[in-house]
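Novice: Supplied in structure tokens, the structure appears directly below.
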Protein chains: 2
Amino acid sequence: MKNIIIASTSTLHNGDYLAYLLPELKLFFQNCSEIIFIPYARPSGITHENYTKKVAEAFAKINISVKGIHEFENPITAIENANGIFTGGGNTFLLVSQLYKNNIIDTLEKVVKNGTPYLGTSAGSNICGLTMSTTNDMPIVYPPSFRTLGLVSFNINPHYLDPIEGSTHMGETRETRINEFHHFNPQPVVGLREGSWLAVKGDSIKLKGNLTARIFKRNENPIEVVPETELNELK
Amino acid sequence: MKNIIIASTSTLHNGDYLAYLLPELKLFFQNCSEIIFIPYARPSGITHENYTKKVAEAFAKINISVKGIHEFENPITAIENANGIFTGGGNTFLLVSQLYKNNIIDTLEKVVKNGTPYLGTSAGSNICGLTMSTTNDMPIVYPPSFRTLGLVSFNINPHYLDPIEGSTHMGETRETRINEFHHFNPQPVVGLREGSWLAVKGDSIKLKGNLTARIFKRNENPIEVVPETELNELK
């Protein structure tokens with residue numbers, strides 16, 4: 001049975017790393033004394049070691065130890081044997097490139113679909129969708145494909161940002177970008193605002209947190225859905 | 001002799017399409033009665049026909065006619081025979097995919113390096129750099145490569161945006177993204193604010209417009225340069 005948290009962000013403004021999620025994570029990872037962390041997205045270019053250390057400090061507060069996937073000789077068997085997995089945020093192009101380079105895309109998909117608890121934040125959530133094509137990140141490296149894990153039948157847009165009223169900036173709004181996406185791709189997109197997450201349990205996909213999420217379907221007007229909405233029909 | 005305008009944006013807030021650039025374009029394209037427009041980036045998914053019409057309306061004000069590259073049977077010979085070329089903004093991933101699909105990357109590079117006047121705005125400016133890896137756009141389609149025209153020896157970040165003071169949004173700032181780029185790529189990046197452009201004439205590359213531009217070099221602090229600064233040493 002799938003058991004997944006797909007979170008928009010790791011960190012709320014003025015909050016500590018993962019702090020707002022820790023009560024949820026204590027329950028979510030209750031059967032895990034150790035989880036594997038995938039640090040490949042390297043926010044601000046932080047090293048795998050330092051990123052893993054930061055994550056370990058947060059998880060220590062709920063008595064879970066953390067080992068970085070780079071510490072294992074064989075990342076494939078590491079994923080296969082993991083009790084729980086967390087993929088952190090950073091750059092999605094880098095994350096996806098490294099997942100392919102280390103040949104763990106298929107294994108990751110398989111174990112999470114078979115029930116290994118998986119937490120993603122930001123870039124780690126982007127890869128839960130069918131493709132990474134609704135990331136907000138800069139294409140700093142060229143991945144071999146935009147296909148990602150397909151743990152849900154739609155795409156994720158984390159850090160979803162409403163148009164800024166009164167902005168004089170002429171760059172595209174997030175909504176404009178997602179509409180452009182829908183000229184070339186059929187799948188719906190869930191815009192997850194910071195503080196929101198999707199809880200996937202078996203066939204159920206529920207919106208969690210205090211905020212509404214924005215759902216974009218091809219050729220339809222976007223809609224807002226409230227927390228606890230069931231999204232398992234979205235495809 | 002290279003003759004290129006690399007503009008951050010086509011349109012200023014509260015301005016008409018290309019309006020702020022028209023006096024400059026009248027001089028720039030003074031020997032052209034007709035130019036070729038490359039509409040591949042399709043902002044908001046607009047059709048090639050409608051995008052070309054919009055551009056033709058703007059250029060009519062300076063008595064230049066516009067033909068879309070999609071109107072030619074052979075885009076390669078169209079580019080070879082063009083008196084002037086304009087590539088408009090939209091989605092850079094889509095633009096680059098279409099340039100490769102129509103096999104005109106190399107021809108475009110060749111004719112512009114040989115002196116055909118070239119105007120780029122936004123996505124059309126991104127492709128003037130060594131790669132498209134500092135675009136702000138969403139990766140809605142998968143291009144065969146991120147390599148672009150290399151008309152200058154650095155990368156362009158159009159619509160450069162300063163960090164928004166007091167923002168509570170936890171997504172990366174533009175500067176953070178460019179710093180991440182420099183963990184994996186050596187070339188400098190010119191952050192061009194809206195209203196700025198680079199004028200390339202032969203071996204000279206000058207910043208134009210009223211604003212400073214922000215220059216990012218690997219392992220160095222970013223610097224601001226004023227209009228009329230010569231950037232031909234930047235590589």
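In the structure tokens, the first chain shown is A, the next is B, and so on; residue numbers restart at 1 for each chain, and ligands run from 1 in the order shown.
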Write out as a PyMOL selection string each polymer residue whose atoms come within 6 Å of region 217-231 of chain B, counting only C-alpha atoms; drop sequence neighbours fewer than 6 positions from it.
Specialist: chain B and resi 182+188+205-208
Novice: Near chain B, meaning an atom within 6 Å, which residues of chain A appear when counting only C-alpha atoms? Write them as an MDAnalysis selection string.
Specialist: chainID A and resid 13 44:45 133 139:140 168 180:181
Novice: For the residues selected in the previous step, produce a file with all heavy atoms as a short mmCIF file (atom, residue, chain, number, x, y, z; two decimals), in the first residue's frame.
Specialist:
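This is the output file again.cif:
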```cif
data_model
loop_
_atom_site.label_atom_id
_atom_site.label_comp_id
_atom_site.auth_asym_id
_atom_site.auth_seq_id
_atom_site.Cartn_x
_atom_site.Cartn_y
_atom_site.Cartn_z
N HIS A 13 8.23 30.11 6.27
CA HIS A 13 8.88 31.38 6.60
C HIS A 13 8.95 31.54 8.12
O HIS A 13 7.96 31.34 8.82
CB HIS A 13 8.08 32.52 5.98
CG HIS A 13 8.71 33.86 6.17
ND1 HIS A 13 9.91 34.20 5.57
CD2 HIS A 13 8.32 34.93 6.88
CE1 HIS A 13 10.22 35.43 5.92
NE2 HIS A 13 9.29 35.90 6.71
N SER A 44 21.35 25.43 -3.14
CA SER A 44 22.50 26.35 -3.05
C SER A 44 23.82 25.62 -3.20
O SER A 44 24.86 26.13 -2.77
CB SER A 44 22.49 27.14 -1.72
OG SER A 44 21.32 27.91 -1.65
N GLY A 45 23.80 24.41 -3.80
CA GLY A 45 25.06 23.71 -4.05
C GLY A 45 25.67 23.05 -2.83
O GLY A 45 26.81 22.59 -2.86
N SER A 133 8.15 18.29 -15.50
CA SER A 133 7.95 19.45 -16.39
C SER A 133 7.22 20.63 -15.76
O SER A 133 7.04 21.66 -16.42
CB SER A 133 7.22 19.02 -17.65
OG SER A 133 8.08 18.24 -18.45
N PRO A 139 17.25 25.19 -15.31
CA PRO A 139 17.81 23.97 -15.91
C PRO A 139 19.34 23.96 -15.93
O PRO A 139 19.96 23.97 -17.00
CB PRO A 139 17.22 23.99 -17.33
CG PRO A 139 17.05 25.44 -17.64
CD PRO A 139 16.68 26.10 -16.32
N ILE A 140 19.95 23.90 -14.75
CA ILE A 140 21.40 24.06 -14.62
C ILE A 140 22.19 22.87 -15.13
O ILE A 140 23.37 22.98 -15.43
CB ILE A 140 21.80 24.40 -13.17
CG1 ILE A 140 21.36 23.28 -12.20
CG2 ILE A 140 21.18 25.72 -12.74
CD1 ILE A 140 21.87 23.49 -10.77
N THR A 168 4.87 44.87 -11.39
CA THR A 168 5.17 45.46 -12.70
C THR A 168 6.08 44.55 -13.51
O THR A 168 6.46 44.88 -14.62
CB THR A 168 5.86 46.83 -12.54
OG1 THR A 168 7.07 46.63 -11.80
CG2 THR A 168 4.97 47.81 -11.79
N GLU A 180 0.78 27.17 -20.33
CA GLU A 180 1.68 26.82 -21.45
C GLU A 180 1.99 25.32 -21.43
O GLU A 180 2.00 24.66 -22.48
CB GLU A 180 2.97 27.65 -21.40
CG GLU A 180 2.74 29.13 -21.73
CD GLU A 180 4.03 29.96 -21.67
OE1 GLU A 180 5.08 29.44 -21.24
OE2 GLU A 180 3.97 31.15 -22.04
N PHE A 181 2.23 24.79 -20.23
CA PHE A 181 2.46 23.34 -20.08
C PHE A 181 1.32 22.55 -20.70
O PHE A 181 1.53 21.55 -21.39
CB PHE A 181 2.61 23.01 -18.59
CG PHE A 181 2.57 21.54 -18.26
CD1 PHE A 181 3.71 20.77 -18.39
CD2 PHE A 181 1.40 20.94 -17.81
CE1 PHE A 181 3.68 19.40 -18.08
CE2 PHE A 181 1.36 19.59 -17.50
CZ PHE A 181 2.51 18.82 -17.63
#
```
Novice: Identify, with DSSP run on backbone atoms, the residues in region 63-173 of chain B assigned to strand (DSSP E or B), and express the list as an NGL selection string.
Specialist: :B and (65-68 or 85-87 or 118-121 or 131 or 147 or 155-157)
Novice: I'd like to know which residues of region 126-225 of chain A are helix (DSSP H, G or I) (by DSSP, run on the backbone); could you write them as a PDB file with C-alpha atoms, in the first residue's frame?
Specialist:
```pdb
ATOM      1  CA  ASN A 126       8.165  17.239  -8.079  1.00  0.00           C
ATOM      2  CA  ARG A 174       2.963  30.617 -12.422  1.00  0.00           C
ATOM      3  CA  GLU A 175      -0.528  30.174 -13.814  1.00  0.00           C
ATOM      4  CA  THR A 176       0.603  31.336 -17.271  1.00  0.00           C
ATOM      5  CA  ARG A 177       3.454  28.822 -17.182  1.00  0.00           C
ATOM      6  CA  ILE A 178       1.146  25.956 -16.237  1.00  0.00           C
ATOM      7  CA  ASN A 179      -1.254  26.972 -19.007  1.00  0.00           C
ATOM      8  CA  GLU A 180       1.678  26.820 -21.451  1.00  0.00           C
ATOM      9  CA  PHE A 181       2.460  23.341 -20.081  1.00  0.00           C
ATOM     10  CA  HIS A 182      -1.080  22.265 -20.946  1.00  0.00           C
TER      11      HIS A 182
END
```
Novice: CA of Arg214 (chain B) and CA of Gly15 (chain B) are how many Å apart?
Specialist: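 Computing it gives 23.8 Å between the two atoms.
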Novice: Near region 68-85 of chain B, within 12 Å and counting only C-alpha atoms, which residues show up once chain neighbours fewer than 6 positions away are dropped, as a count of residues only?
Specialist: 53
Novice: Would you mind reading off the distance between CA of Glu233 (chain B) and CA of Ser125 (chain B), one decimal, in Å?
Specialist: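 Interatomic distance, CA of Glu233 (chain B) to CA of Ser125 (chain B): 19.1 Å.
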Novice: What gap, in Å, lies between CA of Leu22 (chain B) and CA of Asn210 (chain B)?
Specialist: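 CA of Asn210 (chain B) lies 15.6 Å from CA of Leu22 (chain B).
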Novice: Determine the nearest neighbour of Thr148 (chain A) from the options A:Val96, A:Leu192, A:Leu18, A:Ala58, counting only C-alpha atoms.
Specialist: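 Of the candidates, the smallest distance to Thr148 (chain A) is held by A:Val96.
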Novice: Choose the residue, out of B:Ala123, B:Ala19, B:Leu149, B:Val189, that has the smallest atom-to-atom separation from Glu57 (chain B); count only C-alpha atoms.
Specialist: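 Among B:Ala123, B:Ala19, B:Leu149, B:Val189, it is B:Ala19 that comes nearest to Glu57 (chain B).
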